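Text of the file model-v3.csv, holding CSV, C-alpha atoms:
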chain,number,residue,atom,x,y,z
A,1,MET,CA,65.5,9.9,85.5
A,2,THR,CA,62.2,8.0,85.4
A,3,GLU,CA,59.8,8.3,82.5
A,4,HIS,CA,57.6,10.7,84.4
A,5,ALA,CA,60.2,12.5,86.5
A,6,HIS,CA,60.1,15.9,84.9
A,7,GLY,CA,57.3,18.1,83.7
A,8,HIS,CA,59.2,21.3,82.9
A,9,HIS,CA,56.6,23.2,80.8
A,10,SER,CA,53.5,24.7,82.3
A,11,HIS,CA,51.4,24.8,79.2
A,12,PRO,CA,48.5,22.4,79.0
A,13,PRO,CA,48.7,19.7,76.3
A,14,ASP,CA,45.8,21.3,74.4
A,15,ARG,CA,47.4,24.7,74.4
A,16,PRO,CA,50.3,25.6,72.0
A,17,HIS,CA,53.4,26.7,73.8
A,18,GLY,CA,53.3,30.1,72.2
A,19,SER,CA,49.7,30.8,73.1
A,20,HIS,CA,50.0,31.8,76.7
A,21,GLY,CA,50.2,35.5,75.9
A,22,HIS,CA,46.6,35.4,74.5
A,23,SER,CA,44.9,33.3,77.1
A,24,HIS,CA,45.1,35.4,80.3
A,25,SER,CA,41.9,35.7,82.2
A,26,HIS,CA,42.6,39.4,82.4
A,27,SER,CA,43.5,39.8,78.7
A,28,HIS,CA,43.0,43.1,77.0
A,29,THR,CA,39.4,43.9,76.0
A,30,VAL,CA,40.6,46.6,73.6
A,31,ALA,CA,42.8,45.8,70.6
A,32,PRO,CA,46.2,47.5,70.5
A,33,ASP,CA,45.2,49.3,67.3
A,34,ALA,CA,42.2,50.7,69.1
A,35,ASP,CA,44.4,51.8,72.0
A,36,ARG,CA,46.6,53.7,69.6
A,37,ARG,CA,43.6,55.4,67.9
A,38,TRP,CA,42.2,56.7,71.1
A,39,LEU,CA,45.6,57.9,72.2
A,40,ARG,CA,46.2,59.7,68.9
A,41,ALA,CA,42.8,61.5,69.2
A,42,ALA,CA,43.7,62.7,72.7
A,43,LEU,CA,47.1,63.9,71.5
A,44,VAL,CA,45.7,66.1,68.7
A,45,LEU,CA,43.2,67.6,71.0
A,46,ILE,CA,45.7,68.4,73.8
A,47,THR,CA,48.4,69.8,71.6
A,48,ALA,CA,46.0,72.2,69.9
A,49,PHE,CA,44.6,73.5,73.1
A,50,MET,CA,48.0,73.7,74.8
A,51,ALA,CA,49.3,76.1,72.1
A,52,VAL,CA,46.3,78.4,72.7
A,53,GLU,CA,46.7,78.2,76.5
A,54,VAL,CA,50.3,79.3,76.4
A,55,VAL,CA,49.5,82.5,74.6
A,56,ILE,CA,46.5,83.3,76.9
A,57,GLY,CA,48.6,82.5,80.0
A,58,VAL,CA,51.3,84.9,79.0
A,59,LEU,CA,48.7,87.6,78.2
A,60,ALA,CA,46.8,87.1,81.5
A,61,ARG,CA,50.1,86.7,83.5
A,62,SER,CA,48.6,83.6,85.1
A,63,LEU,CA,51.0,81.0,86.5
A,64,ALA,CA,48.1,78.7,87.0
A,65,LEU,CA,47.4,78.8,83.3
A,66,ILE,CA,51.0,78.4,82.3
A,67,SER,CA,51.4,75.5,84.8
A,68,ASP,CA,48.4,73.9,83.2
A,69,ALA,CA,49.9,74.4,79.8
A,70,ALA,CA,53.2,72.9,81.0
A,71,HIS,CA,51.4,70.0,82.4
A,72,MET,CA,49.6,69.6,79.0
A,73,LEU,CA,53.0,69.5,77.4
A,74,THR,CA,53.9,66.6,79.6
A,75,ASP,CA,50.5,65.1,78.7
A,76,ALA,CA,51.3,65.2,75.0
A,77,ALA,CA,54.8,63.8,75.7
A,78,SER,CA,53.3,61.0,77.8
A,79,ILE,CA,51.0,60.0,75.0
A,80,VAL,CA,53.8,60.1,72.4
A,81,LEU,CA,55.9,57.9,74.7
A,82,ALA,CA,52.9,55.5,75.2
A,83,LEU,CA,52.5,55.2,71.4
A,84,ILE,CA,56.2,54.5,70.8
A,85,ALA,CA,56.2,52.0,73.7
A,86,MET,CA,53.2,50.2,72.3
A,87,ARG,CA,54.8,49.8,68.9
A,88,LEU,CA,58.1,48.5,70.5
A,89,ALA,CA,56.1,46.1,72.8
A,90,ALA,CA,54.3,44.7,69.8
A,91,ARG,CA,57.5,43.5,68.2
A,92,PRO,CA,58.1,39.7,68.4
A,93,ALA,CA,60.8,38.3,70.7
A,94,ARG,CA,64.1,37.8,69.0
A,95,GLY,CA,67.8,37.8,69.6
A,96,GLY,CA,68.8,38.6,73.2
A,97,TYR,CA,65.4,39.9,74.1
A,98,THR,CA,63.6,36.7,74.9
A,99,TYR,CA,60.5,38.5,76.2
A,100,GLY,CA,60.6,40.9,73.3
A,101,LEU,CA,60.4,44.6,74.2
A,102,LYS,CA,57.3,44.4,76.3
A,103,ARG,CA,58.9,46.4,79.1
A,104,ALA,CA,59.3,49.4,76.9
A,105,GLU,CA,55.8,50.2,78.2
A,106,ILE,CA,57.0,50.1,81.8
A,107,LEU,CA,59.9,52.4,80.8
A,108,SER,CA,57.3,54.8,79.4
A,109,ALA,CA,55.2,54.7,82.5
A,110,GLN,CA,58.3,55.4,84.7
A,111,ALA,CA,59.3,58.3,82.5
A,112,ASN,CA,55.8,59.7,82.8
A,113,GLY,CA,56.0,59.4,86.6
A,114,ILE,CA,59.4,61.1,86.8
A,115,THR,CA,58.3,64.0,84.6
A,116,LEU,CA,55.3,64.6,86.8
A,117,LEU,CA,57.5,64.7,89.9
A,118,VAL,CA,60.1,67.0,88.4
A,119,LEU,CA,57.5,69.4,87.0
A,120,SER,CA,55.7,69.5,90.3
A,121,VAL,CA,58.9,70.6,92.1
A,122,TRP,CA,59.4,73.5,89.6
A,123,LEU,CA,55.8,74.6,89.8
A,124,ALA,CA,55.8,74.4,93.6
A,125,TYR,CA,58.8,76.8,93.7
A,126,GLU,CA,57.2,79.2,91.3
A,127,ALA,CA,53.9,79.1,93.3
A,128,VAL,CA,55.6,79.9,96.5
A,129,GLN,CA,57.4,82.9,94.9
A,130,ARG,CA,54.0,84.2,93.7
A,131,LEU,CA,52.5,83.7,97.2
A,132,ILE,CA,55.2,86.0,98.5
A,133,ALA,CA,54.9,88.6,95.7
A,134,PRO,CA,51.7,88.0,93.7
A,135,PRO,CA,51.6,89.7,90.3
A,136,GLU,CA,48.4,91.1,88.8
A,137,VAL,CA,46.3,88.4,87.2
A,138,THR,CA,43.5,88.9,84.7
A,139,GLY,CA,40.8,86.8,86.4
A,140,GLY,CA,38.2,86.8,83.6
A,141,LEU,CA,40.7,85.5,81.0
A,142,VAL,CA,41.9,82.8,83.4
A,143,LEU,CA,38.3,81.7,84.2
A,144,VAL,CA,37.2,81.4,80.6
A,145,THR,CA,40.4,79.6,79.5
A,146,ALA,CA,40.2,77.2,82.5
A,147,LEU,CA,36.6,76.3,81.7
A,148,ALA,CA,37.6,75.6,78.1
A,149,GLY,CA,40.4,73.4,79.5
A,150,VAL,CA,38.0,71.5,81.6
A,151,VAL,CA,36.0,70.6,78.6
A,152,VAL,CA,39.0,69.7,76.5
A,153,ASN,CA,40.4,67.5,79.3
A,154,LEU,CA,37.1,65.8,79.9
A,155,ILE,CA,37.1,64.8,76.2
A,156,ALA,CA,40.7,63.7,76.3
A,157,THR,CA,40.1,61.7,79.6
A,158,TRP,CA,37.2,59.9,77.9
A,159,PHE,CA,39.4,59.1,74.9
A,160,LEU,CA,42.0,57.4,77.2
A,161,SER,CA,39.4,55.7,79.3
A,162,ARG,CA,38.4,53.9,76.2
A,163,ALA,CA,41.9,52.4,75.8
A,164,ASN,CA,43.2,49.5,77.9
A,165,ARG,CA,44.1,51.0,81.3
A,166,SER,CA,45.3,47.6,82.6
A,167,SER,CA,48.5,48.7,80.9
A,168,LEU,CA,50.7,50.7,83.2
A,169,ASN,CA,51.8,52.6,80.1
A,170,VAL,CA,48.3,53.7,79.2
A,171,GLU,CA,47.5,54.4,82.8
A,172,GLY,CA,50.5,56.7,83.0
A,173,ALA,CA,49.1,58.8,80.1
A,174,TYR,CA,45.7,58.7,81.7
A,175,GLN,CA,47.0,59.9,85.0
A,176,HIS,CA,48.7,62.8,83.3
A,177,ILE,CA,45.5,64.0,81.7
A,178,LEU,CA,43.3,63.3,84.8
A,179,THR,CA,45.5,65.4,87.0
A,180,ASP,CA,45.4,68.1,84.3
A,181,LEU,CA,41.6,68.0,84.4
A,182,PHE,CA,41.6,68.5,88.2
A,183,GLY,CA,44.1,71.3,87.7
A,184,PHE,CA,41.9,73.1,85.3
A,185,VAL,CA,39.0,72.9,87.8
A,186,ALA,CA,41.3,74.5,90.5
A,187,THR,CA,42.4,77.1,88.0
A,188,ALA,CA,38.8,78.0,87.1
A,189,VAL,CA,38.0,78.4,90.8
A,190,ALA,CA,41.1,80.6,91.2
A,191,GLY,CA,40.1,82.7,88.2
A,192,LEU,CA,36.6,83.2,89.6
A,193,ILE,CA,38.1,84.3,93.0
A,194,VAL,CA,40.5,86.8,91.4
A,195,LEU,CA,37.7,88.1,89.2
A,196,THR,CA,35.2,88.6,92.1
A,197,THR,CA,37.5,89.5,95.0
A,198,GLY,CA,40.8,90.6,93.5
A,199,PHE,CA,42.7,88.1,95.6
A,200,ALA,CA,45.6,87.4,93.3
A,201,ARG,CA,47.2,84.8,95.5
A,202,ALA,CA,44.4,82.4,94.5
A,203,ASP,CA,46.2,81.8,91.3
A,204,ALA,CA,49.3,80.5,93.2
A,205,LEU,CA,47.2,78.5,95.5
A,206,ALA,CA,45.5,76.8,92.6
A,207,THR,CA,49.0,75.9,91.3
A,208,LEU,CA,49.8,74.2,94.6
A,209,VAL,CA,46.7,72.1,94.2
A,210,VAL,CA,47.9,71.0,90.8
A,211,VAL,CA,51.3,70.2,92.3
A,212,ALA,CA,49.8,68.0,95.0
A,213,LEU,CA,47.9,66.0,92.4
A,214,MET,CA,51.0,65.7,90.2
A,215,LEU,CA,53.1,64.4,93.1
A,216,ARG,CA,50.5,61.8,94.0
A,217,ALA,CA,50.1,60.5,90.4
A,218,GLY,CA,53.9,60.7,89.7
A,219,TYR,CA,54.8,58.8,92.9
A,220,GLY,CA,52.3,56.1,92.1
A,221,LEU,CA,53.6,55.5,88.6
A,222,VAL,CA,57.3,55.4,89.7
A,223,ARG,CA,56.4,53.0,92.5
A,224,GLU,CA,54.5,50.6,90.3
A,225,SER,CA,57.0,50.6,87.5
A,226,GLY,CA,59.8,50.2,90.0
A,227,ARG,CA,58.2,47.1,91.4
A,228,ILE,CA,58.1,45.6,87.9
A,229,PHE,CA,61.7,46.4,87.2
A,230,MET,CA,62.7,45.0,90.6
A,231,GLU,CA,60.9,41.7,89.8
A,232,ALA,CA,58.5,42.1,92.7
A,233,ALA,CA,55.5,40.0,93.0
A,234,PRO,CA,52.3,41.4,91.3
A,235,ALA,CA,50.3,43.7,93.6
A,236,GLY,CA,47.9,41.7,95.7
A,237,VAL,CA,49.9,38.4,95.5
A,238,ASP,CA,51.6,37.1,98.6
A,239,PRO,CA,54.3,34.6,97.4
A,240,ASP,CA,54.4,32.9,100.8
A,241,ALA,CA,50.7,32.3,100.8
A,242,LEU,CA,50.8,31.2,97.2
A,243,GLY,CA,53.6,28.7,98.0
A,244,ASP,CA,51.6,27.3,100.9
A,245,HIS,CA,48.6,26.9,98.7
A,246,LEU,CA,50.6,25.0,96.0
A,247,VAL,CA,52.4,22.7,98.5
A,248,ALA,CA,49.0,21.7,100.0
A,249,ALA,CA,48.2,19.8,96.8
A,250,ASP,CA,48.1,16.0,96.9
A,251,GLU,CA,51.5,14.2,96.5
A,252,VAL,CA,53.5,17.5,96.8
A,253,VAL,CA,56.2,17.2,99.4
A,254,GLU,CA,58.1,20.5,98.9
A,255,ILE,CA,58.3,23.6,96.8
A,256,HIS,CA,61.3,25.8,96.6
A,257,ASP,CA,62.9,28.3,94.2
A,258,LEU,CA,59.5,29.9,93.9
A,259,HIS,CA,59.6,33.1,91.9
A,260,ILE,CA,56.7,35.2,90.8
A,261,TRP,CA,57.1,38.5,88.9
A,262,GLN,CA,55.6,40.6,86.1
A,263,ILE,CA,57.0,40.6,82.5
A,264,THR,CA,54.9,43.8,81.9
A,265,SER,CA,51.5,45.1,83.0
A,266,GLY,CA,49.0,42.2,83.2
A,267,GLU,CA,51.5,39.5,82.4
A,268,PRO,CA,52.6,37.7,85.6
A,269,ALA,CA,55.1,34.9,85.3
A,270,LEU,CA,56.1,32.2,87.8
A,271,SER,CA,58.8,29.5,88.1
A,272,ALA,CA,59.2,26.9,90.9
A,273,HIS,CA,60.9,23.6,91.7
A,274,ILE,CA,58.3,21.0,92.8
A,275,LEU,CA,59.2,17.8,94.7
A,276,VAL,CA,56.6,15.0,94.5
A,277,ALA,CA,56.3,12.0,96.8
A,278,PRO,CA,57.9,8.8,95.4
A,279,GLY,CA,55.5,7.0,93.1
A,280,GLY,CA,53.5,10.1,92.5
A,281,ASP,CA,52.4,11.2,89.0
A,282,CYS,CA,54.6,14.2,88.2
A,283,HIS,CA,52.6,15.1,85.1
A,284,LYS,CA,49.3,15.0,86.9
A,285,VAL,CA,50.7,17.2,89.7
A,286,ARG,CA,52.1,19.7,87.3
A,287,ARG,CA,48.8,20.0,85.4
A,288,ARG,CA,46.9,20.4,88.7
A,289,LEU,CA,49.2,23.1,89.9
A,290,GLN,CA,49.2,24.8,86.6
A,291,GLU,CA,45.4,24.9,86.6
A,292,LEU,CA,45.3,26.3,90.1
A,293,LEU,CA,47.8,29.1,89.1
A,294,SER,CA,45.7,30.0,86.1
A,295,THR,CA,42.3,30.0,87.7
A,296,GLU,CA,43.0,31.4,91.1
A,297,TYR,CA,46.0,33.7,90.5
A,298,GLY,CA,45.7,34.6,86.8
A,299,VAL,CA,49.2,33.1,86.1
A,300,THR,CA,49.3,31.4,82.8
A,301,HIS,CA,53.0,31.8,82.0
A,302,ALA,CA,54.6,29.4,84.5
A,303,THR,CA,57.6,27.1,84.4
A,304,LEU,CA,57.4,24.2,86.9
A,305,GLN,CA,60.2,21.8,87.3
A,306,VAL,CA,58.8,18.6,88.8
A,307,ASP,CA,60.9,15.9,90.4
A,308,HIS,CA,60.4,12.9,92.7
A,309,VAL,CA,62.0,13.1,96.1
A,310,GLY,CA,65.3,11.2,96.1
A,311,GLU,CA,65.8,11.1,92.3
A,312,GLN,CA,69.2,11.5,90.9
A,313,ASP,CA,69.9,14.5,88.7
A,314,GLY,CA,72.4,14.8,85.9
A,315,ALA,CA,75.2,15.3,88.3
A,316,ASP,CA,74.4,12.1,90.3
A,317,ALA,CA,73.6,14.2,93.3
A,318,VAL,CA,70.7,13.0,95.4
A,319,LEU,CA,68.1,15.2,97.0
A,320,HIS,CA,66.9,13.8,100.4
A,321,VAL,CA,64.0,15.4,102.1
A,322,THR,CA,62.7,14.1,105.5
A,323,SER,CA,59.8,15.3,107.6
A,324,GLY,CA,62.0,17.7,109.5
A,325,PRO,CA,61.1,21.4,109.4
A,326,GLY,CA,64.5,22.9,108.7
A,327,PRO,CA,66.9,23.1,105.8
A,328,GLU,CA,69.4,21.0,107.7
A,329,HIS,CA,67.5,17.9,106.4
A,330,ARG,CA,68.6,18.7,102.9
A,331,THR,CA,71.9,17.0,101.9
A,332,ASN,CA,74.0,17.2,98.8
A,333,GLY,CA,71.0,19.0,97.2
A,334,HIS,CA,70.0,19.8,93.7
A,335,CYS,CA,69.4,23.3,95.0
A,336,GLU,CA,71.8,24.1,97.9
A,337,ASP,CA,70.7,27.7,97.7
A,338,THR,CA,66.9,27.6,97.4
A,339,HIS,CA,66.6,31.3,96.6
A,340,GLY,CA,63.9,32.0,99.1
A,341,PRO,CA,61.6,30.2,101.6
A,342,VAL,CA,61.0,26.5,101.4
A,343,HIS,CA,57.4,25.4,101.5
A,344,ARG,CA,56.3,22.1,102.9
A,345,PRO,CA,52.9,20.7,104.0
A,346,GLY,CA,51.9,21.7,107.5
A,347,PRO,CA,53.1,24.6,109.7
A,348,HIS,CA,56.6,25.9,108.9
A,349,GLN,CA,58.7,29.0,109.0
A,350,HIS,CA,59.0,31.2,105.9
Mind converting the file's structure to structure tokens?
Amino acid sequence: MTEHAHGHHSHPPDRPHGSHGHSHSHSHTVAPDADRRWLRAALVLITAFMAVEVVIGVLARSLALISDAAHMLTDAASIVLALIAMRLAARPARGGYTYGLKRAEILSAQANGITLLVLSVWLAYEAVQRLIAPPEVTGGLVLVTALAGVVVNLIATWFLSRANRSSLNVEGAYQHILTDLFGFVATAVAGLIVLTTGFARADALATLVVVALMLRAGYGLVRESGRIFMEAAPAGVDPDALGDHLVAADEVVEIHDLHIWQITSGEPALSAHILVAPGGDCHKVRRRLQELLSTEYGVTHATLQVDHVGEQDGADAVLHVTSGPGPEHRTNGHCEDTHGPVHRPGPHQH
């Protein structure tokens, strides 16, 4: 191994190894304590109004109001989950959890998405039943309560908009409350229709509008949290294009074992094996690639293993790379299984 053969760590010399979590170009603009304060305020407001709405919904025999109250219950639960997840995610890494408990926030987001989907199925069933056999609905009571709900949800939505919505965890709670706001608008319209025309089925139709909104928000949360759990690349990042960009740098011969994923919301991470031309400056190449990743892709947590082509590794195996396009030019390699496409300068297959 030559004196400059390996540059394993991606942190610049002037940046402490542990500081990468605080230097993202997309770092939080709101302190975690502030996030918790806004979430608690929304929780108190929603819980108080939900209790009132349940009573009025039963008295008015309005499924739309009861569905809104049920949704508000999931709103409250989503905020409680978000607060718990924030506290867990703030704990330092220790023991077997080398990233800490940062993904507790993604678990919370996924739970929020699943509850939206499950609740939407139940409400859809109840709404269809009421379309078939609509009960009498007290339109005036529904209208007044729904308008009050619009005001309450506007305030709660504003509270959560003040928190850091780049966190999928906070976004999950926000989507709960936002769909509830739209639901109250639909319920208010239904109450007005019932009051002025006597068309009782408007209540069930308003419920179906709420269901559609819940399905959309729930699916989005489950999809995004699932991508993080499956170690998919961050949304908007094409790993093949990124690899081609990196391998185009001076003195870089090949890049393989390229992986990019998200530890949690807003914290992308990357690892790769970089092969540098004989005589090239491995440390200089590493710093250049590291800077490119940080400035153009927002990736500041990267681990780059940099070697010269043809160097011997610890097992005395030699990696030989020629100008050929295919993996058949690799012999007795350091990485016989490259875990993904191999990137080389010039046109090549992925």
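Between CA of Leu43 in chain A and CA of Ile79 in chain A the interatomic distance comes to 6.5 Å.
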Please report as CSV every residue of range 250-298 of chain A lying within 12 Å of range 86-108 of chain A, along with the nearest atom pair and their distance in Å (one decimal), using only C-alpha atoms.
residue,atom,partner,partner_atom,distance
A:Gln262,CA,A:Arg103,CA,9.7
A:Ile263,CA,A:Arg103,CA,7.0
A:Thr264,CA,A:Arg103,CA,5.5
A:Ser265,CA,A:Ile106,CA,7.5
A:Gly266,CA,A:Lys102,CA,11.0
A:Glu267,CA,A:Lys102,CA,9.7
A:Ala269,CA,A:Tyr99,CA,11.2
Please build the interface table for range 149-212 of chain A against range 224-232 of chain A with a cut-off of 12 Å, listing for each qualifying residue the nearest atom pair and the distance in Å to one decimal; count only C-alpha atoms, order rows by chain and increasing number, and write it as a Markdown table.
| residue | atom | partner | partner_atom | distance |
| --- | --- | --- | --- | --- |
| A:Ser167 | CA | A:Ser225 | CA | 10.9 |
| A:Leu168 | CA | A:Ser225 | CA | 7.6 |
| A:Asn169 | CA | A:Ser225 | CA | 9.3 |
| A:Glu171 | CA | A:Glu224 | CA | 10.9 |
| A:Gly172 | CA | A:Ser225 | CA | 10.0 |
How many Å lie between CA of His176 in chain A and CA of Val211 in chain A, rounded to one decimal? 11.9 Å
Coordinates-based distance that separates CA of His245 in chain A from CA of Gly340 in chain A (Å, one decimal): 16.1 Å
So which residues touch range 152-162 of chain A within 9 Å, counting all atoms listed in the file, skipping near sequence neighbours fewer than 5 positions away, as a PyMOL selection string? chain A and resi 30+34-35+37-39+41-43+45-46+49+147+170-171+173-175+177-178+180-181+184
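Of the listed residues A:Ala277, A:Thr303, A:Arg288, A:Asp203, the one whose atoms come nearest to Ala133 in chain A is A:Asp203, with distances taken using all atoms listed in the file.
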List the spatial neighbours of Gly280 in chain A as a PyMOL selection string - criterion: any atom at most 10 Å away, all atoms listed in the file, same-chain residues fewer than 5 positions off excluded. chain A and resi 4-5+250-252+275+285+307-309
Selection above as a file: C-alpha atoms, as a PDB file, in the coordinates of the input:
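What follows is the written file again-v7.pdb:
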ATOM      1  CA  HIS A   4      57.600  10.700  84.400  1.00  0.00           C
ATOM      2  CA  ALA A   5      60.200  12.500  86.500  1.00  0.00           C
ATOM      3  CA  ASP A 250      48.100  16.000  96.900  1.00  0.00           C
ATOM      4  CA  GLU A 251      51.500  14.200  96.500  1.00  0.00           C
ATOM      5  CA  VAL A 252      53.500  17.500  96.800  1.00  0.00           C
ATOM      6  CA  LEU A 275      59.200  17.800  94.700  1.00  0.00           C
ATOM      7  CA  VAL A 285      50.700  17.200  89.700  1.00  0.00           C
ATOM      8  CA  ASP A 307      60.900  15.900  90.400  1.00  0.00           C
ATOM      9  CA  HIS A 308      60.400  12.900  92.700  1.00  0.00           C
ATOM     10  CA  VAL A 309      62.000  13.100  96.100  1.00  0.00           C
TER      11      VAL A 309
END
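The residue that comes closest to Ser120 in chain A, out of A:Ala48, A:Ile274, A:Val80, A:Leu213 and on the basis of all atoms listed in the file, is A:Leu213.
If all atoms listed in the file are the atoms counted, then among A:Leu195, A:Leu119, A:Val210, A:Val253 the closest residue to Thr179 in chain A is A:Val210.
Counting only C-alpha atoms, Ile193 in chain A has the following residues at most 9 Å away, ignoring those fewer than 5 positions along the same chain: Gly139, Ala188, Gly198, Phe199, Ala200, Ala202 and Asp203 of chain A.
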Please write the residues from the selection above to a file, keeping C-alpha atoms, as a tab-separated table (two decimals), in the frame of the given file.
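Output file again_3.tsv follows:
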chain	number	residue	atom	x	y	z
A	139	GLY	CA	40.80	86.80	86.40
A	188	ALA	CA	38.80	78.00	87.10
A	198	GLY	CA	40.80	90.60	93.50
A	199	PHE	CA	42.70	88.10	95.60
A	200	ALA	CA	45.60	87.40	93.30
A	202	ALA	CA	44.40	82.40	94.50
A	203	ASP	CA	46.20	81.80	91.30
Pick out the residues sitting within 10 Å of Pro268 in chain A, and hand them over as JSON, numbers by chain; count all atoms listed in the file, and ignore anything fewer than 4 positions along from it in its own chain. {"A": [24, 228, 233, 234, 260, 261, 262, 263, 264, 297, 298, 299, 300, 301, 302]}
At a cut-off of 7 Å from (48.7, 82.2, 87.5) in the coordinates of the file, what residues are picked up using all atoms listed in the file, written as JSON, numbers by chain? {"A": [61, 62, 63, 64, 65, 66, 137, 203, 204]}
